[in-house]
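*Asks:* Below is the structure I would like to discuss, written out as structure tokens.
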Amino acid sequence: MPVYYLEFIVVALGLVLLMVDAFAKLEDKRSLARLGILGLAIVFCLLFIVKAPEAAVGGIWRFYAAPDSLSLFFKGLALLSTILVLIMAIDYAPIVIAQTANPEDGAHPQAGLGEFFALPLFACAGLMWMSSANHLVSIFVSLETVSITFYILVAYLRRNVGSLEAGVKYLILGALSTGFLVYGFAWLFGVTGSMELPAITEALGKDGINTTAALFAFALILIALAFKLGAAPFHLWIPDVYQGAPTPVTAFLSVGSKAAATIVTLRLVSPFLASAPLVGKITAVLIVVAILTLLVGNLAALPQKNFKRLLAYSSIGHSGFLLMALASAPRASVANAMSPTTVVAFYLGAYLLMTLLAFLVLSSLRVAIPGEEIDSYRGLAKRSPFHAAALLVAMASLAGIPLTAGFFGKFFAFKMAIDAGQWWLLAAALVAAAAGFYYYLKIAVSMYFSEPAKGEEGAIRVSPLTGFAMVVLMILIVAAGVAPGVIVGLFS
Amino acid sequence: MTFLFYLFAALALFGGIGVVVCRNPVSAAFSMVLSFLGLASLFIQLDAYLVGTLQILVYAGAIMVLFLFIIMLLDVPEEEKRRFPFISFAGAGAVVTAFLVLVVLVLNRGGTAGRPLPAIVPSEPGHSDVHRIGELLFGTYWFPVQIVGVLLLAATVGVVVLSKKELK
């Protein structure tokens, strides 16, 4: 099966959901989400049987890279995160209903819920297109497909002022960053005379290149990418948007949007890093951004009281580690060095597992615990040992404790910085990791060693599907923490 | 030609400033039309006749009329007078100045002297701009156009969900 069928199948699935929602008059619209999960799971299996084309020239291949392990890995991440987001959305449905529809005679009691399950599928297709895009035009249109779907999803709770405010902020700042991206693309086209990434790589590697203009193009593109990645100093939107958005959407933003931004960054920055006249300056810029992001994200997370806001700053901090791996390409003298691409992909895979686990717990508790303050999770271990254990694994992995996926993610990133001899970067990363230990484990301590607030001692149940997803994620986190070679092996 | 360029560039900038400065929403919308007209003339001077015409037909025509309709239907009141926000002005001014200096520096160091751009293929006789652009969109660029279709679908669904008065 040609690889580009996958995205079209996902889009078709989204259309099916919309049509079923419109015409089938379902009693309980949550079955739409189950249909979506099933379809995406089938597409995930199809990933393993795609065939590489014999000659990837012309036609669609002008815009769409021939399948390599990297693009397939990122497609898998997109599918997996969308499946988990839909699972979260099922638990979260009562909140969506309460804050979108207003009950009146003749209206469906779950009006507006169907689209909440269909829109993530279009975002997923956009994310998958992005992971294969190798032409400035296809990068741009797939990035915009994802962004516009996210603008809608963030503002989805239309009777909730916080959600609307987050949507407007995200829309305005996102549009501004898109402007920078397109301006940068225009300069890049002017410098290299092509919009296809292979040709751009070739043109940037030549000696006669106009380095000033190329650097200007890079700066403009980096502004836009840093915005999407949530790298300092373009991270200001993240805390507000993450806090205001519906919890499943926050999870999707922090994982899907970050994975897509990362692969676009990998693809757009690699031509610059491969160019002999530019590589020194580009690395210097990336290192400065990485140091800033590491420090800002992790130190600003320390005083946070709101759980979603804390995870927002944590997401900024993790962008810092990703940029650290990207910025420290190994010196030639180091034997057996991993490529930055492998390290970034592993880190992102680990980040996906642990962040989605944390958000699964959050959204599954949202109905029982309405507050999102960290204090409302006090004594959780006594009310629901299962939720507490899952959150403990997620926090341990986010902090980077050995035997979890997060440990090896950080370990590889640190090793890259050491191999590259980037000591300033390493110092910042050490401070960041130490701060991370404090704020992640603070939550674990409050769950296990304090009593629940008065009047909130009741046990909390977990739905079978969510429970199953949590168990799978926990197993995967520990498995990747014990045998990271399996994932790394995908890229060698 | 250079004179015309400066004239229309000034017109576009003047309109742009008007959008920000005018307190009355209707005046702001008309300033935007002015800016679009200047921009369209610039496109036409670059021999991009189709883009110039579309700029006038679609943006200055259809979209701005829609804007005006909405402004009048909602009866958007004139913006209230605010205290002069000195700090925001200083910050915005600093960023714009820095960006302007950067662009000037880049241009002075041979910014436009990059690799030669691909030559523009002249239309075959009888084939207009529209014909060629259509061919490109639905021939070479069919794939991105499909993705834009998905984008528009998602946007339409979003508009309905977010703005419909009573969801059914």
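As shown in the structure tokens, the chain order sets the letters A, B, ...; within each chain, residues go from 1, and ligands are also counted from 1 in the order they appear.
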As an NGL selection string, list the residues of region 227-351 of chain A assigned to alpha helix (DSSP H) by DSSP on the backbone atoms of this structure.
*Replies:* :A and (227-229 or 237-244 or 247-252 or 258-273 or 279-301 or 307-327 or 340-351)
*Asks:* May I have the selected residues written with C-alpha atoms, as an mmCIF file, in the first residue's frame?
*Replies:*
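Result written to out_35.cif:
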data_model
loop_
_atom_site.group_PDB
_atom_site.id
_atom_site.type_symbol
_atom_site.label_atom_id
_atom_site.label_comp_id
_atom_site.auth_asym_id
_atom_site.auth_seq_id
_atom_site.Cartn_x
_atom_site.Cartn_y
_atom_site.Cartn_z
ATOM 1 C CA PHE A 227 6.574 29.637 18.844
ATOM 2 C CA LYS A 228 5.130 26.274 17.832
ATOM 3 C CA LEU A 229 7.653 24.385 19.983
ATOM 4 C CA TRP A 237 1.199 31.905 25.111
ATOM 5 C CA ILE A 238 1.706 28.386 26.454
ATOM 6 C CA PRO A 239 0.640 28.688 30.126
ATOM 7 C CA ASP A 240 -2.560 30.621 29.406
ATOM 8 C CA VAL A 241 -3.625 28.470 26.478
ATOM 9 C CA TYR A 242 -2.859 25.179 28.237
ATOM 10 C CA GLN A 243 -4.775 26.271 31.302
ATOM 11 C CA GLY A 244 -7.836 27.497 29.418
ATOM 12 C CA THR A 247 -7.957 18.990 29.154
ATOM 13 C CA PRO A 248 -7.885 16.501 26.207
ATOM 14 C CA VAL A 249 -7.047 19.388 23.879
ATOM 15 C CA THR A 250 -4.275 20.541 26.199
ATOM 16 C CA ALA A 251 -2.845 17.036 26.011
ATOM 17 C CA PHE A 252 -3.114 17.039 22.223
ATOM 18 C CA LYS A 258 5.066 19.563 19.816
ATOM 19 C CA ALA A 259 5.853 16.410 17.835
ATOM 20 C CA ALA A 260 4.860 18.121 14.593
ATOM 21 C CA ALA A 261 6.827 21.266 15.400
ATOM 22 C CA THR A 262 9.822 19.100 16.233
ATOM 23 C CA ILE A 263 9.837 17.198 12.965
ATOM 24 C CA VAL A 264 9.370 20.401 10.958
ATOM 25 C CA THR A 265 12.252 21.895 12.932
ATOM 26 C CA LEU A 266 14.381 18.823 12.226
ATOM 27 C CA ARG A 267 13.625 19.023 8.516
ATOM 28 C CA LEU A 268 14.029 22.785 8.175
ATOM 29 C CA VAL A 269 17.093 23.146 10.383
ATOM 30 C CA SER A 270 19.016 20.181 8.945
ATOM 31 C CA PRO A 271 19.776 21.939 5.618
ATOM 32 C CA PHE A 272 21.250 24.846 7.592
ATOM 33 C CA LEU A 273 23.239 22.541 9.869
ATOM 34 C CA VAL A 279 26.717 25.769 10.723
ATOM 35 C CA GLY A 280 28.741 27.685 13.345
ATOM 36 C CA LYS A 281 26.324 30.586 13.681
ATOM 37 C CA ILE A 282 23.230 28.382 13.494
ATOM 38 C CA THR A 283 24.513 26.179 16.319
ATOM 39 C CA ALA A 284 25.272 29.242 18.455
ATOM 40 C CA VAL A 285 21.727 30.554 18.024
ATOM 41 C CA LEU A 286 20.205 27.163 18.817
ATOM 42 C CA ILE A 287 22.325 26.855 21.964
ATOM 43 C CA VAL A 288 21.197 30.255 23.249
ATOM 44 C CA VAL A 289 17.541 29.366 22.630
ATOM 45 C CA ALA A 290 17.998 25.956 24.284
ATOM 46 C CA ILE A 291 19.613 27.442 27.416
ATOM 47 C CA LEU A 292 16.901 30.088 27.750
ATOM 48 C CA THR A 293 14.136 27.531 27.265
ATOM 49 C CA LEU A 294 15.586 25.079 29.781
ATOM 50 C CA LEU A 295 15.934 27.729 32.471
ATOM 51 C CA VAL A 296 12.681 29.611 31.862
ATOM 52 C CA GLY A 297 10.510 26.501 31.606
ATOM 53 C CA ASN A 298 11.815 24.673 34.622
ATOM 54 C CA LEU A 299 12.384 27.583 36.992
ATOM 55 C CA ALA A 300 8.993 29.152 36.243
ATOM 56 C CA ALA A 301 7.332 25.800 36.967
ATOM 57 C CA PHE A 307 -1.730 21.447 37.659
ATOM 58 C CA LYS A 308 -2.306 22.299 33.970
ATOM 59 C CA ARG A 309 -0.163 25.398 34.255
ATOM 60 C CA LEU A 310 2.574 23.316 35.830
ATOM 61 C CA LEU A 311 2.411 20.864 32.933
ATOM 62 C CA ALA A 312 2.545 23.824 30.529
ATOM 63 C CA TYR A 313 5.831 25.009 32.014
ATOM 64 C CA SER A 314 7.039 21.421 32.060
ATOM 65 C CA SER A 315 6.273 21.225 28.330
ATOM 66 C CA ILE A 316 8.416 24.338 27.777
ATOM 67 C CA GLY A 317 11.176 22.718 29.802
ATOM 68 C CA HIS A 318 11.046 19.549 27.710
ATOM 69 C CA SER A 319 11.305 21.643 24.533
ATOM 70 C CA GLY A 320 14.559 22.859 26.026
ATOM 71 C CA PHE A 321 15.908 19.308 26.255
ATOM 72 C CA LEU A 322 14.799 18.621 22.664
ATOM 73 C CA LEU A 323 16.599 21.749 21.459
ATOM 74 C CA MET A 324 19.641 20.755 23.488
ATOM 75 C CA ALA A 325 19.888 17.486 21.541
ATOM 76 C CA LEU A 326 19.367 19.323 18.267
ATOM 77 C CA ALA A 327 21.950 21.994 19.037
ATOM 78 C CA PRO A 340 20.606 14.101 16.925
ATOM 79 C CA THR A 341 17.594 12.800 15.006
ATOM 80 C CA THR A 342 17.538 9.535 16.946
ATOM 81 C CA VAL A 343 17.918 11.293 20.281
ATOM 82 C CA VAL A 344 15.168 13.794 19.468
ATOM 83 C CA ALA A 345 12.841 11.024 18.282
ATOM 84 C CA PHE A 346 13.454 8.931 21.423
ATOM 85 C CA TYR A 347 12.948 11.925 23.692
ATOM 86 C CA LEU A 348 9.729 12.784 21.938
ATOM 87 C CA GLY A 349 8.442 9.204 22.149
ATOM 88 C CA ALA A 350 9.139 9.140 25.879
ATOM 89 C CA TYR A 351 7.617 12.586 26.325
#
*Asks:* Residues of chain A near chain B: apply a cut-off of 9 Å, count only C-alpha atoms, and supply the list as a ChimeraX atom specification.
*Replies:* /A:11,58-60,62-64,100-104,106-112,115,119,122-123,125-126,129,137-138,141-142,144-146,148-149,151-153,155-158,189-194,203,208-214,216
*Asks:* Could you save the residues just selected, with C-alpha atoms, as a PDB file, in the first residue's frame?
*Replies:*
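Below is the file part_0.pdb, written as the result:
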ATOM      1  CA  VAL A  11      -9.462  12.228   6.627  1.00  0.00           C
ATOM      2  CA  GLY A  58       7.717  13.935  -9.503  1.00  0.00           C
ATOM      3  CA  GLY A  59       4.000  13.975  -8.814  1.00  0.00           C
ATOM      4  CA  ILE A  60       3.184  13.672  -5.164  1.00  0.00           C
ATOM      5  CA  ARG A  62       7.664  16.592  -4.962  1.00  0.00           C
ATOM      6  CA  PHE A  63       5.770  17.456  -1.766  1.00  0.00           C
ATOM      7  CA  TYR A  64       5.829  14.238   0.203  1.00  0.00           C
ATOM      8  CA  THR A 100     -21.185  24.075  24.895  1.00  0.00           C
ATOM      9  CA  ALA A 101     -24.858  23.198  24.561  1.00  0.00           C
ATOM     10  CA  ASN A 102     -27.671  25.008  26.271  1.00  0.00           C
ATOM     11  CA  PRO A 103     -30.563  22.673  26.926  1.00  0.00           C
ATOM     12  CA  GLU A 104     -33.751  23.616  25.129  1.00  0.00           C
ATOM     13  CA  GLY A 106     -36.058  19.454  20.886  1.00  0.00           C
ATOM     14  CA  ALA A 107     -32.274  19.787  20.996  1.00  0.00           C
ATOM     15  CA  HIS A 108     -30.101  16.682  21.274  1.00  0.00           C
ATOM     16  CA  PRO A 109     -28.867  16.444  24.887  1.00  0.00           C
ATOM     17  CA  GLN A 110     -25.320  15.967  23.577  1.00  0.00           C
ATOM     18  CA  ALA A 111     -25.423  18.644  20.852  1.00  0.00           C
ATOM     19  CA  GLY A 112     -21.965  19.771  19.815  1.00  0.00           C
ATOM     20  CA  GLU A 115     -17.550  17.578  16.257  1.00  0.00           C
ATOM     21  CA  LEU A 119     -11.882  17.509  14.660  1.00  0.00           C
ATOM     22  CA  PHE A 122      -8.313  16.232  10.844  1.00  0.00           C
ATOM     23  CA  ALA A 123      -5.544  17.511  13.099  1.00  0.00           C
ATOM     24  CA  ALA A 125      -4.072  13.902   9.270  1.00  0.00           C
ATOM     25  CA  GLY A 126      -2.322  17.280   9.280  1.00  0.00           C
ATOM     26  CA  TRP A 129       1.276  15.087   6.421  1.00  0.00           C
ATOM     27  CA  VAL A 137       4.347  24.615   0.401  1.00  0.00           C
ATOM     28  CA  SER A 138       3.307  21.265   1.854  1.00  0.00           C
ATOM     29  CA  VAL A 141      -0.413  23.937   4.381  1.00  0.00           C
ATOM     30  CA  SER A 142      -0.156  20.952   6.730  1.00  0.00           C
ATOM     31  CA  GLU A 144      -1.883  25.487   9.022  1.00  0.00           C
ATOM     32  CA  THR A 145      -4.341  22.571   8.921  1.00  0.00           C
ATOM     33  CA  VAL A 146      -3.108  21.538  12.351  1.00  0.00           C
ATOM     34  CA  ILE A 148      -6.536  26.006  12.584  1.00  0.00           C
ATOM     35  CA  THR A 149      -7.995  22.794  13.986  1.00  0.00           C
ATOM     36  CA  TYR A 151      -7.607  27.148  17.367  1.00  0.00           C
ATOM     37  CA  ILE A 152     -11.116  25.684  17.184  1.00  0.00           C
ATOM     38  CA  LEU A 153     -10.507  22.929  19.716  1.00  0.00           C
ATOM     39  CA  ALA A 155     -11.950  27.620  22.148  1.00  0.00           C
ATOM     40  CA  TYR A 156     -14.387  24.691  22.028  1.00  0.00           C
ATOM     41  CA  LEU A 157     -16.000  25.242  25.454  1.00  0.00           C
ATOM     42  CA  ARG A 158     -17.881  28.242  24.166  1.00  0.00           C
ATOM     43  CA  PHE A 189      13.278  30.774  -1.670  1.00  0.00           C
ATOM     44  CA  GLY A 190      15.055  33.956  -2.684  1.00  0.00           C
ATOM     45  CA  VAL A 191      18.404  32.686  -1.390  1.00  0.00           C
ATOM     46  CA  THR A 192      18.224  29.137  -2.716  1.00  0.00           C
ATOM     47  CA  GLY A 193      15.896  29.464  -5.715  1.00  0.00           C
ATOM     48  CA  SER A 194      13.897  26.393  -4.726  1.00  0.00           C
ATOM     49  CA  ALA A 203      22.011  25.134  -2.556  1.00  0.00           C
ATOM     50  CA  GLY A 208      28.800  31.176  -3.194  1.00  0.00           C
ATOM     51  CA  ILE A 209      25.722  31.364  -0.982  1.00  0.00           C
ATOM     52  CA  ASN A 210      24.621  34.737   0.383  1.00  0.00           C
ATOM     53  CA  THR A 211      25.113  33.935   4.073  1.00  0.00           C
ATOM     54  CA  THR A 212      23.554  37.138   5.403  1.00  0.00           C
ATOM     55  CA  ALA A 213      20.272  36.547   3.630  1.00  0.00           C
ATOM     56  CA  ALA A 214      20.295  32.838   4.511  1.00  0.00           C
ATOM     57  CA  PHE A 216      17.973  36.210   8.021  1.00  0.00           C
TER      58      PHE A 216
END
*Asks:* Residues at most 7 Å from Ala224 (chain A), counting only C-alpha atoms, excluding those fewer than 5 positions away in the same chain, as a PyMOL selection string?
*Replies:* chain A and resi 177-178+180-181
*Asks:* Just how far from CA of Leu476 (chain A) is CA of Arg383 (chain A), in Å to one decimal?
*Replies:*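 Calculated distance between CA of Arg383 (chain A) and CA of Leu476 (chain A) is 25.2 Å.
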*Asks:* State, in Å with one decimal place, the distance from CA of Pro2 (chain A) to CA of Pro67 (chain A).
*Replies:*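 Taking CA of Pro2 (chain A) and CA of Pro67 (chain A), their separation equals 9.4 Å.
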*Asks:* Suppose you want the space between CA of Leu398 (chain A) and CA of Ala358 (chain A); what is it in Å?
*Replies:*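 Result for CA of Leu398 (chain A) versus CA of Ala358 (chain A): 9.4 Å, one decimal.
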*Asks:* Counting only C-alpha atoms, what is within 12 Å of Val51 (chain B), bar same-chain residues fewer than 2 positions away, as a list in words?
*Replies:*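 Surrounding residues, per the criterion: Phe36, Leu37, Leu39, Ala40, Ser41, Leu42, Phe43, Ile44, Gln45, Leu46, Asp47, Ala48, Tyr49, Thr53, Leu54, Gln55, Ile56, Leu57, Val58, Tyr59, Asp129, Val130 and Ile133 of chain B.
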*Asks:* Include C-alpha atoms and write out the residues we just selected as an mmCIF file, in the first residue's frame.
*Replies:*
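Saved to part_34.cif:
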data_model
loop_
_atom_site.group_PDB
_atom_site.id
_atom_site.type_symbol
_atom_site.label_atom_id
_atom_site.label_comp_id
_atom_site.auth_asym_id
_atom_site.auth_seq_id
_atom_site.Cartn_x
_atom_site.Cartn_y
_atom_site.Cartn_z
ATOM 1 C CA PHE B 36 -5.472 46.703 -0.438
ATOM 2 C CA LEU B 37 -5.762 48.978 -3.470
ATOM 3 C CA LEU B 39 -1.054 46.504 -2.677
ATOM 4 C CA ALA B 40 -2.983 45.470 -5.807
ATOM 5 C CA SER B 41 -1.269 48.216 -7.823
ATOM 6 C CA LEU B 42 2.102 46.961 -6.611
ATOM 7 C CA PHE B 43 1.229 43.445 -7.825
ATOM 8 C CA ILE B 44 0.199 44.814 -11.210
ATOM 9 C CA GLN B 45 3.502 46.680 -11.498
ATOM 10 C CA LEU B 46 5.219 43.325 -10.959
ATOM 11 C CA ASP B 47 3.309 41.968 -13.982
ATOM 12 C CA ALA B 48 1.218 39.763 -11.686
ATOM 13 C CA TYR B 49 -2.059 40.860 -13.214
ATOM 14 C CA THR B 53 -7.085 41.664 -9.866
ATOM 15 C CA LEU B 54 -7.898 39.014 -7.269
ATOM 16 C CA GLN B 55 -6.617 41.333 -4.557
ATOM 17 C CA ILE B 56 -9.194 43.908 -5.622
ATOM 18 C CA LEU B 57 -12.053 41.512 -6.401
ATOM 19 C CA VAL B 58 -11.714 39.208 -3.417
ATOM 20 C CA TYR B 59 -10.116 41.257 -0.653
ATOM 21 C CA ASP B 129 -2.371 33.950 -16.499
ATOM 22 C CA VAL B 130 -5.540 32.386 -15.168
ATOM 23 C CA ILE B 133 -2.242 29.305 -12.531
#
*Asks:* Could you name the residues that touch region 69-71 of chain B at 12 Å or less, counting only C-alpha atoms, but leaving out those on the same chain fewer than 3 positions away, as an MDAnalysis selection string?
*Replies:* chainID B and resid 24:30 62:66 74:78
